[in-house]
file start_9.txt (compact mmCIF, C-alpha atoms)
# COMPACT_ATOMS: atom_id res chain seq x y z
CA MET S 118 -1.18 14.87 -10.22
CA LEU S 119 -4.12 12.55 -9.63
CA ASN S 120 -7.34 14.51 -9.23
CA PRO S 121 -8.80 14.35 -5.69
CA LEU S 122 -12.07 13.04 -7.11
CA PHE S 123 -10.36 9.77 -7.91
CA ILE S 124 -8.83 9.19 -4.49
CA THR S 125 -11.40 6.60 -3.49
CA PRO S 126 -10.46 3.98 -0.87
CA SER S 127 -10.59 1.12 -3.38
CA LEU S 128 -8.40 2.99 -5.87
CA VAL S 129 -5.85 3.83 -3.18
CA ILE S 130 -5.71 0.14 -2.24
CA GLU S 131 -5.26 -0.86 -5.89
CA LEU S 132 -2.45 1.64 -6.49
CA PHE S 133 -0.75 0.67 -3.23
CA LEU S 134 -0.89 -3.05 -4.05
CA THR S 135 0.32 -2.38 -7.60
CA LEU S 136 3.35 -0.55 -6.18
CA ILE S 137 4.08 -3.30 -3.65
CA LEU S 138 3.88 -5.98 -6.34
CA PHE S 139 6.16 -4.00 -8.60
CA ILE S 140 8.71 -3.74 -5.76
CA LEU S 141 8.52 -7.51 -5.22
CA PHE S 142 8.99 -8.18 -8.94
CA SER S 143 11.89 -5.70 -8.92
CA ILE S 144 13.59 -7.59 -6.08
CA ALA S 145 13.18 -10.82 -8.04
CA PHE S 146 14.54 -9.05 -11.12
CA ILE S 147 17.66 -7.84 -9.27
CA ALA S 148 18.17 -11.31 -7.77
CA THR S 149 17.90 -12.82 -11.26
CA LEU S 150 20.69 -10.73 -12.82
CA PRO S 151 23.62 -12.73 -11.32
CA PHE S 152 22.20 -15.88 -12.93
CA LEU S 153 23.11 -14.43 -16.33
CA LYS S 154 26.82 -14.75 -15.56
CA SER S 155 28.61 -17.77 -16.95
CA SER S 156 29.69 -20.13 -14.19
CA GLN S 157 30.32 -23.77 -13.52
CA LYS S 158 28.31 -25.76 -11.05
CA THR S 159 31.31 -26.14 -8.75
CA THR S 160 31.98 -22.44 -8.24
CA THR S 161 31.12 -20.51 -5.09
CA LEU S 162 28.98 -18.11 -7.11
CA THR S 163 26.77 -20.93 -8.34
CA TYR S 164 26.33 -22.21 -4.79
CA LYS S 165 25.16 -18.78 -3.66
CA LEU S 166 22.82 -18.53 -6.60
CA GLU S 167 21.24 -21.85 -5.70
CA LYS S 168 20.38 -20.38 -2.29
CA LYS S 169 18.98 -17.22 -3.91
CA SER S 170 16.71 -19.27 -6.15
CA HIS S 171 14.48 -20.07 -3.17
CA LEU S 172 14.00 -16.34 -2.55
CA ILE S 173 13.11 -15.76 -6.20
CA ALA S 174 10.65 -18.67 -6.19
CA SER S 175 8.92 -17.35 -3.06
CA LEU S 176 8.71 -13.81 -4.44
CA LEU S 177 7.33 -14.99 -7.76
CA SER S 178 4.71 -17.23 -6.14
CA LEU S 179 3.49 -14.47 -3.84
CA SER S 180 3.55 -11.80 -6.55
CA LEU S 181 1.74 -13.96 -9.12
CA PHE S 182 -1.00 -14.81 -6.65
CA PHE S 183 -1.80 -11.18 -5.89
CA LYS S 184 -1.27 -10.11 -9.52
CA VAL S 185 -4.10 -12.41 -10.57
CA LEU S 186 -6.38 -11.09 -7.80
CA LEU S 187 -5.57 -7.49 -8.69
CA LEU S 188 -6.88 -7.77 -12.26
CA PRO S 189 -10.62 -8.08 -11.38
CA PHE S 190 -10.07 -5.43 -8.69
CA PHE S 191 -8.74 -3.10 -11.40
CA ILE S 192 -11.88 -3.73 -13.49
CA TYR S 193 -14.06 -3.11 -10.43
CA ASN S 194 -12.38 0.26 -9.85
CA LEU S 195 -12.97 1.28 -13.46
CA ASN S 196 -16.69 0.79 -12.87
CA ALA S 197 -16.49 2.75 -9.62
CA LEU S 198 -14.72 5.67 -11.33
CA SER S 199 -17.46 5.94 -13.95
CA SER S 200 -19.66 7.72 -11.39
CA PHE S 201 -17.13 10.58 -11.23
CA ILE S 202 -16.84 11.19 -14.97
CA PRO S 203 -19.58 13.06 -16.85
CA GLY S 204 -21.11 10.88 -19.55
CA ALA S 205 -19.55 7.62 -18.40
CA MET S 206 -22.08 4.93 -17.51
CA CYS S 207 -19.62 2.08 -16.99
CA SER S 208 -15.96 1.09 -17.49
CA ALA S 209 -16.27 1.71 -21.24
CA GLY S 210 -16.40 5.47 -20.73
CA VAL S 211 -13.48 5.41 -18.31
CA VAL S 212 -11.27 3.25 -20.54
CA SER S 213 -12.01 5.40 -23.60
CA SER S 214 -11.54 8.69 -21.73
CA ASN S 215 -7.91 8.87 -22.89
CA GLU S 216 -5.56 7.07 -25.25
CA TYR S 217 -3.91 4.99 -22.53
CA GLY S 218 -6.93 3.07 -21.20
CA GLY S 219 -7.35 0.50 -23.96
CA VAL S 220 -3.62 -0.23 -24.12
CA LEU S 221 -3.41 -0.56 -20.33
CA ILE S 222 -6.26 -3.03 -19.96
CA GLY S 223 -4.90 -5.13 -22.83
CA LEU S 224 -1.43 -5.11 -21.27
CA LYS S 225 -2.79 -6.16 -17.87
CA PHE S 226 -4.50 -9.21 -19.36
CA PHE S 227 -1.37 -10.04 -21.36
CA LEU S 228 0.84 -9.80 -18.27
CA VAL S 229 -1.37 -12.00 -16.11
CA PHE S 230 -1.56 -14.55 -18.92
CA THR S 231 2.20 -14.64 -19.60
CA LEU S 232 3.24 -14.42 -15.96
CA LEU S 233 1.08 -17.43 -15.13
CA LEU S 234 2.70 -19.34 -17.98
CA TYR S 235 6.13 -18.24 -16.73
CA GLY S 236 5.20 -19.40 -13.22
CA LEU S 237 4.51 -22.89 -14.57
CA PHE S 238 7.72 -22.74 -16.59
CA TYR S 239 9.69 -21.73 -13.48
CA LYS S 240 8.15 -24.57 -11.49
CA GLU S 241 9.02 -27.01 -14.24
CA SER S 242 12.59 -25.69 -14.41
CA GLN S 243 13.09 -26.51 -10.73
CA ARG S 244 12.33 -30.13 -11.56
CA ILE S 245 14.55 -30.33 -14.65
CA LYS S 246 18.12 -29.27 -13.79
CA ALA S 247 19.16 -28.68 -17.41
CA LEU S 248 16.29 -26.24 -17.79
CA TYR S 249 16.93 -24.75 -14.37
CA HIS S 250 20.45 -23.65 -15.31
CA SER S 251 19.38 -22.35 -18.71
CA LYS S 252 19.88 -18.61 -19.22
CA LYS S 253 16.80 -18.48 -21.47
CA ARG S 254 14.61 -18.79 -18.39
CA HIS S 255 16.16 -15.67 -16.85
CA PHE S 256 16.10 -13.68 -20.08
CA LEU S 257 12.40 -14.50 -20.34
CA PHE S 258 11.73 -13.08 -16.88
CA ILE S 259 13.71 -9.93 -17.71
CA ALA S 260 11.55 -9.43 -20.80
CA LEU S 261 8.41 -9.81 -18.69
CA TYR S 262 9.80 -7.38 -16.13
CA LEU S 263 10.19 -4.73 -18.85
CA PHE S 264 6.48 -5.14 -19.61
CA LEU S 265 5.80 -4.64 -15.88
CA VAL S 266 7.72 -1.37 -16.03
CA LEU S 267 5.63 -0.36 -19.05
CA GLU S 268 2.48 -1.23 -17.11
CA ILE S 269 3.47 1.09 -14.25
CA VAL S 270 4.14 3.94 -16.68
CA LEU S 271 0.85 3.42 -18.52
CA GLU S 272 -1.10 3.17 -15.27
CA TYR S 273 0.30 6.52 -14.14
CA LEU S 274 -0.46 8.15 -17.50
CA PHE S 275 -3.96 6.65 -17.58
CA TYR S 276 -5.08 7.76 -14.11
CA THR S 277 -3.50 11.21 -14.33
CA ASN S 278 -5.11 11.91 -17.72
CA ILE S 279 -8.68 10.92 -16.89
CA PRO S 280 -10.82 14.03 -17.46
CA TYR S 281 -13.08 15.03 -14.60
CA ASN S 282 -14.61 18.24 -15.96
CA GLU S 283 -15.58 17.22 -19.48
CA SER S 284 -18.03 14.71 -20.91
CA VAL S 285 -16.80 11.39 -22.32
CA SER S 286 -18.45 8.85 -24.59
CA CYS S 287 -20.72 6.26 -23.00
CA CYS S 288 -21.10 2.66 -24.11
CA SER S 289 -24.27 3.47 -26.08
CA THR S 290 -22.19 5.55 -28.49
CA LEU S 291 -19.04 3.40 -28.38
CA TYR S 292 -20.78 0.11 -29.19
CA THR S 293 -23.46 0.29 -31.84
CA THR S 294 -24.63 -2.10 -34.54
CA THR S 295 -22.71 -0.10 -37.15
CA ASP S 296 -19.48 -0.66 -35.24
CA SER S 297 -19.72 -4.45 -35.54
CA GLN S 298 -17.74 -4.43 -38.77
CA ALA S 299 -20.88 -5.33 -40.71
CA PHE S 300 -21.12 -8.75 -39.05
CA SER S 301 -24.68 -10.00 -39.19
CA SER S 302 -26.22 -11.62 -36.13
CA LEU S 303 -26.48 -14.92 -37.97
CA TYR S 304 -22.81 -14.86 -38.95
CA LEU S 305 -21.72 -13.95 -35.42
CA VAL S 306 -23.69 -16.75 -33.80
CA GLY S 307 -22.80 -19.28 -36.49
CA SER S 308 -19.06 -18.61 -36.30
CA PHE S 309 -19.17 -18.58 -32.49
CA TYR S 310 -20.74 -22.03 -32.18
CA PHE S 311 -18.73 -23.44 -35.08
CA LEU S 312 -15.46 -22.41 -33.45
CA TYR S 313 -16.60 -23.84 -30.12
CA ALA S 314 -17.39 -27.19 -31.76
CA LEU S 315 -14.04 -27.11 -33.54
CA LEU S 316 -12.20 -26.43 -30.27
CA MET S 317 -13.95 -29.34 -28.60
CA LEU S 318 -12.90 -31.68 -31.42
CA LEU S 319 -9.29 -30.45 -31.32
CA ASN S 320 -9.28 -30.82 -27.55
CA TRP S 321 -10.70 -34.36 -27.75
CA PHE S 322 -8.09 -35.50 -30.29
CA GLN S 323 -5.31 -33.65 -28.46
CA LYS S 324 -4.26 -31.45 -31.41
CA ARG S 325 -2.46 -29.05 -29.14
CA GLU S 326 -0.95 -26.72 -31.73
CA LEU S 327 -4.26 -26.22 -33.54
CA LEU S 328 -6.11 -25.93 -30.24
CA ALA S 329 -3.92 -23.03 -29.14
CA LEU S 330 -4.20 -21.37 -32.55
CA PHE S 331 -7.99 -21.52 -32.71
CA SER S 332 -8.26 -20.55 -29.06
CA GLY S 333 -6.85 -17.19 -30.09
CA VAL S 334 -9.36 -16.98 -32.94
CA PHE S 335 -12.21 -17.92 -30.60
CA LEU S 336 -11.07 -15.23 -28.16
CA TYR S 337 -11.69 -12.55 -30.80
CA SER S 338 -14.91 -14.21 -31.98
CA SER S 339 -16.17 -14.30 -28.39
CA TYR S 340 -15.51 -10.59 -27.92
CA GLU S 341 -17.52 -9.76 -31.05
CA SER S 342 -20.30 -12.19 -30.16
CA VAL S 343 -20.64 -11.09 -26.55
CA THR S 344 -20.54 -7.40 -27.44
CA TYR S 345 -22.81 -7.32 -30.48
CA PHE S 346 -25.14 -10.26 -29.91
CA PHE S 347 -25.30 -11.98 -26.52
CA SER S 348 -25.02 -8.82 -24.39
CA SER S 349 -28.37 -7.56 -25.70
CA TYR S 350 -30.07 -10.71 -24.37
CA ILE S 351 -28.46 -10.25 -20.98
CA TYR S 352 -29.56 -6.60 -20.86
CA GLU S 353 -32.84 -7.49 -22.63
CA LEU S 354 -32.47 -4.34 -24.70
CA PRO S 355 -31.73 -4.50 -28.44
CA SER S 356 -29.92 -1.15 -28.39
CA HIS S 357 -27.67 -1.91 -25.41
CA LYS S 358 -24.44 -3.54 -26.56
CA CYS S 359 -21.50 -3.31 -24.19
CA PRO S 360 -18.89 -5.77 -22.88
CA TYR S 361 -18.33 -3.74 -19.69
CA CYS S 362 -21.82 -3.31 -18.22
CA LEU S 363 -21.89 -7.09 -17.75
CA LEU S 364 -19.51 -6.52 -14.84
CA GLN S 365 -22.00 -4.42 -12.88
CA SER S 366 -24.25 -5.51 -10.03
CA ASP S 367 -27.39 -4.78 -12.08
CA TYR S 368 -26.57 -7.91 -14.10
CA ASN S 369 -25.36 -10.03 -11.16
CA TYR S 370 -21.69 -9.53 -12.13
CA VAL S 371 -22.16 -12.14 -14.84
CA GLY S 372 -19.26 -10.64 -16.79
CA TYR S 373 -16.76 -11.86 -14.20
CA PHE S 374 -17.96 -15.44 -14.66
CA LEU S 375 -17.94 -15.13 -18.46
CA TYR S 376 -14.55 -13.50 -18.83
CA ASN S 377 -12.82 -15.60 -16.18
CA SER S 378 -14.03 -18.84 -17.76
CA LEU S 379 -12.94 -17.68 -21.23
CA PHE S 380 -9.56 -16.56 -19.86
CA LEU S 381 -8.95 -19.87 -18.08
CA ALA S 382 -10.01 -21.94 -21.09
CA THR S 383 -7.58 -20.01 -23.32
CA PHE S 384 -4.85 -20.24 -20.70
CA TYR S 385 -5.09 -24.02 -20.33
CA SER S 386 -5.14 -24.38 -24.11
CA PHE S 387 -1.71 -22.74 -24.22
CA VAL S 388 -0.52 -24.70 -21.18
CA GLN S 389 -1.11 -27.92 -23.10
CA LEU S 390 0.88 -26.53 -26.02
CA LEU S 391 3.89 -25.36 -24.01
CA PHE S 392 4.00 -28.19 -21.46
CA LYS S 393 3.63 -31.47 -23.32
CA GLU S 394 3.62 -33.54 -20.13
CA ARG S 395 0.53 -31.75 -18.76
CA ASP S 396 -2.93 -32.98 -19.69
CA GLU S 397 -5.38 -30.13 -19.18
CA HIS S 398 -8.02 -31.18 -21.70
CA LYS S 399 -10.70 -31.62 -19.01
CA LYS S 400 -10.16 -28.07 -17.78
CA VAL S 401 -10.28 -26.74 -21.35
CA LEU S 402 -13.53 -28.65 -21.89
CA PHE S 403 -15.09 -27.43 -18.65
CA PHE S 404 -14.28 -23.72 -18.94
CA TYR S 405 -15.14 -23.41 -22.65
CA THR S 406 -18.40 -25.30 -22.14
CA PHE S 407 -19.33 -23.25 -19.09
CA PHE S 408 -18.69 -20.04 -21.07
CA VAL S 409 -20.82 -21.14 -24.03
CA LEU S 410 -23.64 -22.58 -21.91
CA LEU S 411 -23.91 -19.45 -19.79
CA LEU S 412 -24.24 -17.25 -22.87
CA SER S 413 -26.69 -19.69 -24.47
CA TYR S 414 -28.81 -19.67 -21.33
CA TYR S 415 -29.51 -15.95 -21.61
CA PHE S 416 -30.30 -16.21 -25.32
CA LEU S 417 -32.61 -19.23 -24.98
CA SER S 418 -34.26 -17.88 -21.84
CA PHE S 419 -35.19 -14.65 -23.61
CA LEU S 420 -36.36 -16.55 -26.69
CA ILE S 421 -38.62 -18.89 -24.68
CA ARG S 422 -40.09 -16.15 -22.50
CA ASN S 423 -40.73 -13.66 -25.31
CA GLY S 424 -41.08 -15.86 -28.38
CA THR S 425 -38.86 -13.56 -30.44
CA THR S 426 -35.25 -12.56 -30.98
CA LEU S 427 -33.55 -9.15 -30.84
CA TRP S 428 -32.12 -9.39 -34.36

call {"tool": "encode", "arguments": {"input": "start_9.txt", "output": "structure tokens"}}
result
Amino acid sequence: MLNPLFITPSLVIELFLTLILFILFSIAFIATLPFLKSSQKTTTLTYKLEKKSHLIASLLSLSLFFKVLLLPFFIYNLNALSSFIPGAMCSAGVVSSNEYGGVLIGLKFFLVFTLLLYGLFYKESQRIKALYHSKKRHFLFIALYLFLVLEIVLEYLFYTNIPYNESVSCCSTLYTTTDSQAFSSLYLVGSFYFLYALLMLLNWFQKRELLALFSGVFLYSSYESVTYFFSSYIYELPSHKCPYCLLQSDYNYVGYFLYNSLFLATFYSFVQLLFKERDEHKKVLFFYTFFVLLLSYYFLSFLIRNGTTLW
């Protein structure tokens, strides 16, 4: 059972909303199953299914909206739980406290990303009748629903296996310079800005396939750069390297602005790839540029004020 120490009001709200959303997705899942049956457009079954499609669309729209809002709330609760766990200074200690944390947080980001793409696909299918009656659309939702089931299982295992009476690793031991896979500061910064410039060129010339590909590469490069280079300039401590402490109030919650902008830039890069009729290049430009400029501000600000780097 969940330890009483973790029954905080915000966590109760998160778990309750997670359960409600899962129920809504389950209703949509059950309503989707009849669509898998072969039928002609003139049959009574198809007529009933057309009426059910409005219910599914409403459930998906409502569920997707709250699913997106629940992700930052989940991150916020991880920070709140760190005060209950010996040795944990931020979300890093909570996530690493058992083997389910890292998988769960990765799955949550994956689900929000793919469910948003599916929401656009569902909206597009309502406009194009041939796509609307395609079984592939329903099989895709069933696959996503199975990941939602996995998320519920992992969330239960994660919260019920968080230790409360033993010390866990803090971010100062989890993220050190030796853990950066021997990347030098110069290489990190050089590859980060090179990939950003490359993405801007691909976005300008509308090379959608390459843009999506290198967006994935830039996502990994950004994680390494933020963790092992830029974070130190935000904390103004050469030994403090952590991607989670950026989400705390001590640093004005700058992590939420950084990660949301990176997430949205990556998302719209894939939107342009999957939906050829949509032109999202201005959004890609804005969110990537905002992400890079915000990180550069902290680096340049420290450099100007102190006349030195933290290399």

call {"tool": "closest_residue", "arguments": {"input": "start_9.txt", "among": "S:Ala174, S:Ala148, S:Leu427, S:Ala260", "to": "Leu303 in chain S", "atoms": "all atoms listed in the file"}}
result
S:Leu427

call {"tool": "atom_distance", "arguments": {"input": "start_9.txt", "atom1": "CA of Ser284 in chain S", "atom2": "CA of Glu268 in chain S"}}
result
26.3 Å

call {"tool": "closest_atom_pairs", "arguments": {"input": "start_9.txt", "of": "range 262-342 of chain S", "to": "range 364-379 of chain S", "cutoff": "10 Å", "atoms": "all atoms listed in the file", "output": "JSON lines"}}
result
{"residue": "S:Ser332", "atom": "CA", "partner": "S:Leu379", "partner_atom": "CA", "distance": 9.6}
{"residue": "S:Phe335", "atom": "CA", "partner": "S:Leu379", "partner_atom": "CA", "distance": 9.4}
{"residue": "S:Leu336", "atom": "CA", "partner": "S:Leu379", "partner_atom": "CA", "distance": 7.6}
{"residue": "S:Ser339", "atom": "CA", "partner": "S:Leu379", "partner_atom": "CA", "distance": 8.6}
{"residue": "S:Tyr340", "atom": "CA", "partner": "S:Tyr376", "partner_atom": "CA", "distance": 9.6}

call {"tool": "residues_around", "arguments": {"input": "start_9.txt", "residues": "Leu128 in chain S", "least_positions_apart": "5", "cutoff": "10 Å", "atoms": "only C-alpha atoms", "output": "list of chain:residue names"}}
result
S:Phe123, S:Phe133, S:Leu134, S:Phe190, S:Phe191, S:Tyr193, S:Asn194, S:Leu195, S:Ala197, S:Leu198

call {"tool": "residues_around", "arguments": {"input": "start_9.txt", "residues": "Ile137 in chain S", "least_positions_apart": "5", "cutoff": "12 Å", "atoms": "all atoms listed in the file", "output": "PyMOL selection string"}}
result
chain S and resi 130-132+142-144+176+179-180+183-184+187+269

call {"tool": "write_last_selection", "arguments": {"input": "start_9.txt", "atoms": "C-alpha atoms", "output": "compact mmCIF listing (two decimals), keeping the file's coordinate frame"}}
result
# COMPACT_ATOMS: atom_id res chain seq x y z
CA ILE S 130 -5.71 0.14 -2.24
CA GLU S 131 -5.26 -0.86 -5.89
CA LEU S 132 -2.45 1.64 -6.49
CA PHE S 142 8.99 -8.18 -8.94
CA SER S 143 11.89 -5.70 -8.92
CA ILE S 144 13.59 -7.59 -6.08
CA LEU S 176 8.71 -13.81 -4.44
CA LEU S 179 3.49 -14.47 -3.84
CA SER S 180 3.55 -11.80 -6.55
CA PHE S 183 -1.80 -11.18 -5.89
CA LYS S 184 -1.27 -10.11 -9.52
CA LEU S 187 -5.57 -7.49 -8.69
CA ILE S 269 3.47 1.09 -14.25

call {"tool": "closest_residue", "arguments": {"input": "start_9.txt", "among": "S:Leu363, S:Val211, S:Ile147, S:Leu267", "to": "Leu291 in chain S", "atoms": "only C-alpha atoms"}}
result
S:Val211

call {"tool": "residues_around", "arguments": {"input": "start_9.txt", "residues": "Ser302 in chain S", "least_positions_apart": "6", "cutoff": "8 Å", "atoms": "all atoms listed in the file", "output": "short mmCIF file (atom, residue, chain, number, x, y, z; two decimals) with C-alpha atoms, keeping the file's coordinate frame"}}
result
data_model
loop_
_atom_site.label_atom_id
_atom_site.label_comp_id
_atom_site.auth_asym_id
_atom_site.auth_seq_id
_atom_site.Cartn_x
_atom_site.Cartn_y
_atom_site.Cartn_z
CA TYR S 345 -22.81 -7.32 -30.48
CA PHE S 346 -25.14 -10.26 -29.91
CA TRP S 428 -32.12 -9.39 -34.36
#

call {"tool": "residues_near_point", "arguments": {"input": "start_9.txt", "point": "(-0.3, -22.1, -15.4)", "cutoff": "6 Å", "atoms": "all atoms listed in the file", "output": "ChimeraX atom specification"}}
result
/S:233-234,237

call {"tool": "residues_near_point", "arguments": {"input": "start_9.txt", "point": "(-23.4, 16.4, -16.4)", "cutoff": "12 Å", "atoms": "only C-alpha atoms", "output": "list of chain:residue names"}}
result
S:Ser200, S:Phe201, S:Ile202, S:Pro203, S:Gly204, S:Ala205, S:Met206, S:Tyr281, S:Asn282, S:Glu283, S:Ser284, S:Val285

call {"tool": "atom_distance", "arguments": {"input": "start_9.txt", "atom1": "CA of Phe311 in chain S", "atom2": "CA of Glu394 in chain S"}}
result
28.7 Å

call {"tool": "atom_distance", "arguments": {"input": "start_9.txt", "atom1": "CA of Phe416 in chain S", "atom2": "CA of Ser349 in chain S"}}
result
8.9 Å

call {"tool": "decode", "arguments": {"input": "start_9.txt", "residues": "range 123-140 of chain S", "atoms": "N, CA and C atoms", "output": "CSV table (one decimal), in the first residue's frame"}}
result
chain,number,residue,atom,x,y,z
S,123,PHE,N,3.1,9.8,1.9
S,123,PHE,CA,3.0,10.3,0.5
S,123,PHE,C,1.6,10.7,0.2
S,124,ILE,N,0.7,10.6,1.2
S,124,ILE,CA,-0.7,11.1,0.9
S,124,ILE,C,-0.8,12.6,1.1
S,125,THR,N,-0.2,13.3,0.3
S,125,THR,CA,-0.3,14.8,0.3
S,125,THR,C,-1.5,15.2,-0.6
S,126,PRO,N,-2.1,16.3,-0.3
S,126,PRO,CA,-3.3,16.7,-1.1
S,126,PRO,C,-3.0,16.8,-2.6
S,127,SER,N,-1.8,17.3,-3.0
S,127,SER,CA,-1.6,17.4,-4.4
S,127,SER,C,-1.4,16.0,-5.1
S,128,LEU,N,-0.8,15.1,-4.3
S,128,LEU,CA,-0.7,13.7,-4.9
S,128,LEU,C,-2.0,13.0,-5.0
S,129,VAL,N,-2.9,13.2,-4.0
S,129,VAL,CA,-4.2,12.6,-4.0
S,129,VAL,C,-5.0,13.1,-5.3
S,130,ILE,N,-4.8,14.5,-5.5
S,130,ILE,CA,-5.5,15.0,-6.7
S,130,ILE,C,-4.9,14.5,-8.0
S,131,GLU,N,-3.6,14.3,-8.0
S,131,GLU,CA,-3.0,13.7,-9.2
S,131,GLU,C,-3.5,12.3,-9.5
S,132,LEU,N,-3.5,11.5,-8.4
S,132,LEU,CA,-3.9,10.1,-8.6
S,132,LEU,C,-5.4,10.0,-9.0
S,133,PHE,N,-6.2,10.9,-8.4
S,133,PHE,CA,-7.6,10.9,-8.7
S,133,PHE,C,-7.9,11.2,-10.1
S,134,LEU,N,-7.2,12.3,-10.6
S,134,LEU,CA,-7.3,12.7,-12.0
S,134,LEU,C,-6.8,11.7,-12.9
S,135,THR,N,-5.7,11.0,-12.6
S,135,THR,CA,-5.2,10.0,-13.4
S,135,THR,C,-6.2,8.9,-13.6
S,136,LEU,N,-6.8,8.5,-12.5
S,136,LEU,CA,-7.9,7.4,-12.6
S,136,LEU,C,-9.1,7.9,-13.4
S,137,ILE,N,-9.5,9.1,-13.2
S,137,ILE,CA,-10.6,9.6,-14.0
S,137,ILE,C,-10.3,9.6,-15.5
S,138,LEU,N,-9.1,10.1,-15.8
S,138,LEU,CA,-8.7,10.1,-17.2
S,138,LEU,C,-8.6,8.7,-17.8
S,139,PHE,N,-8.1,7.8,-17.0
S,139,PHE,CA,-8.0,6.4,-17.5
S,139,PHE,C,-9.4,5.8,-17.8
S,140,ILE,N,-10.4,6.2,-16.9
S,140,ILE,CA,-11.8,5.7,-17.1
S,140,ILE,C,-12.4,6.3,-18.4
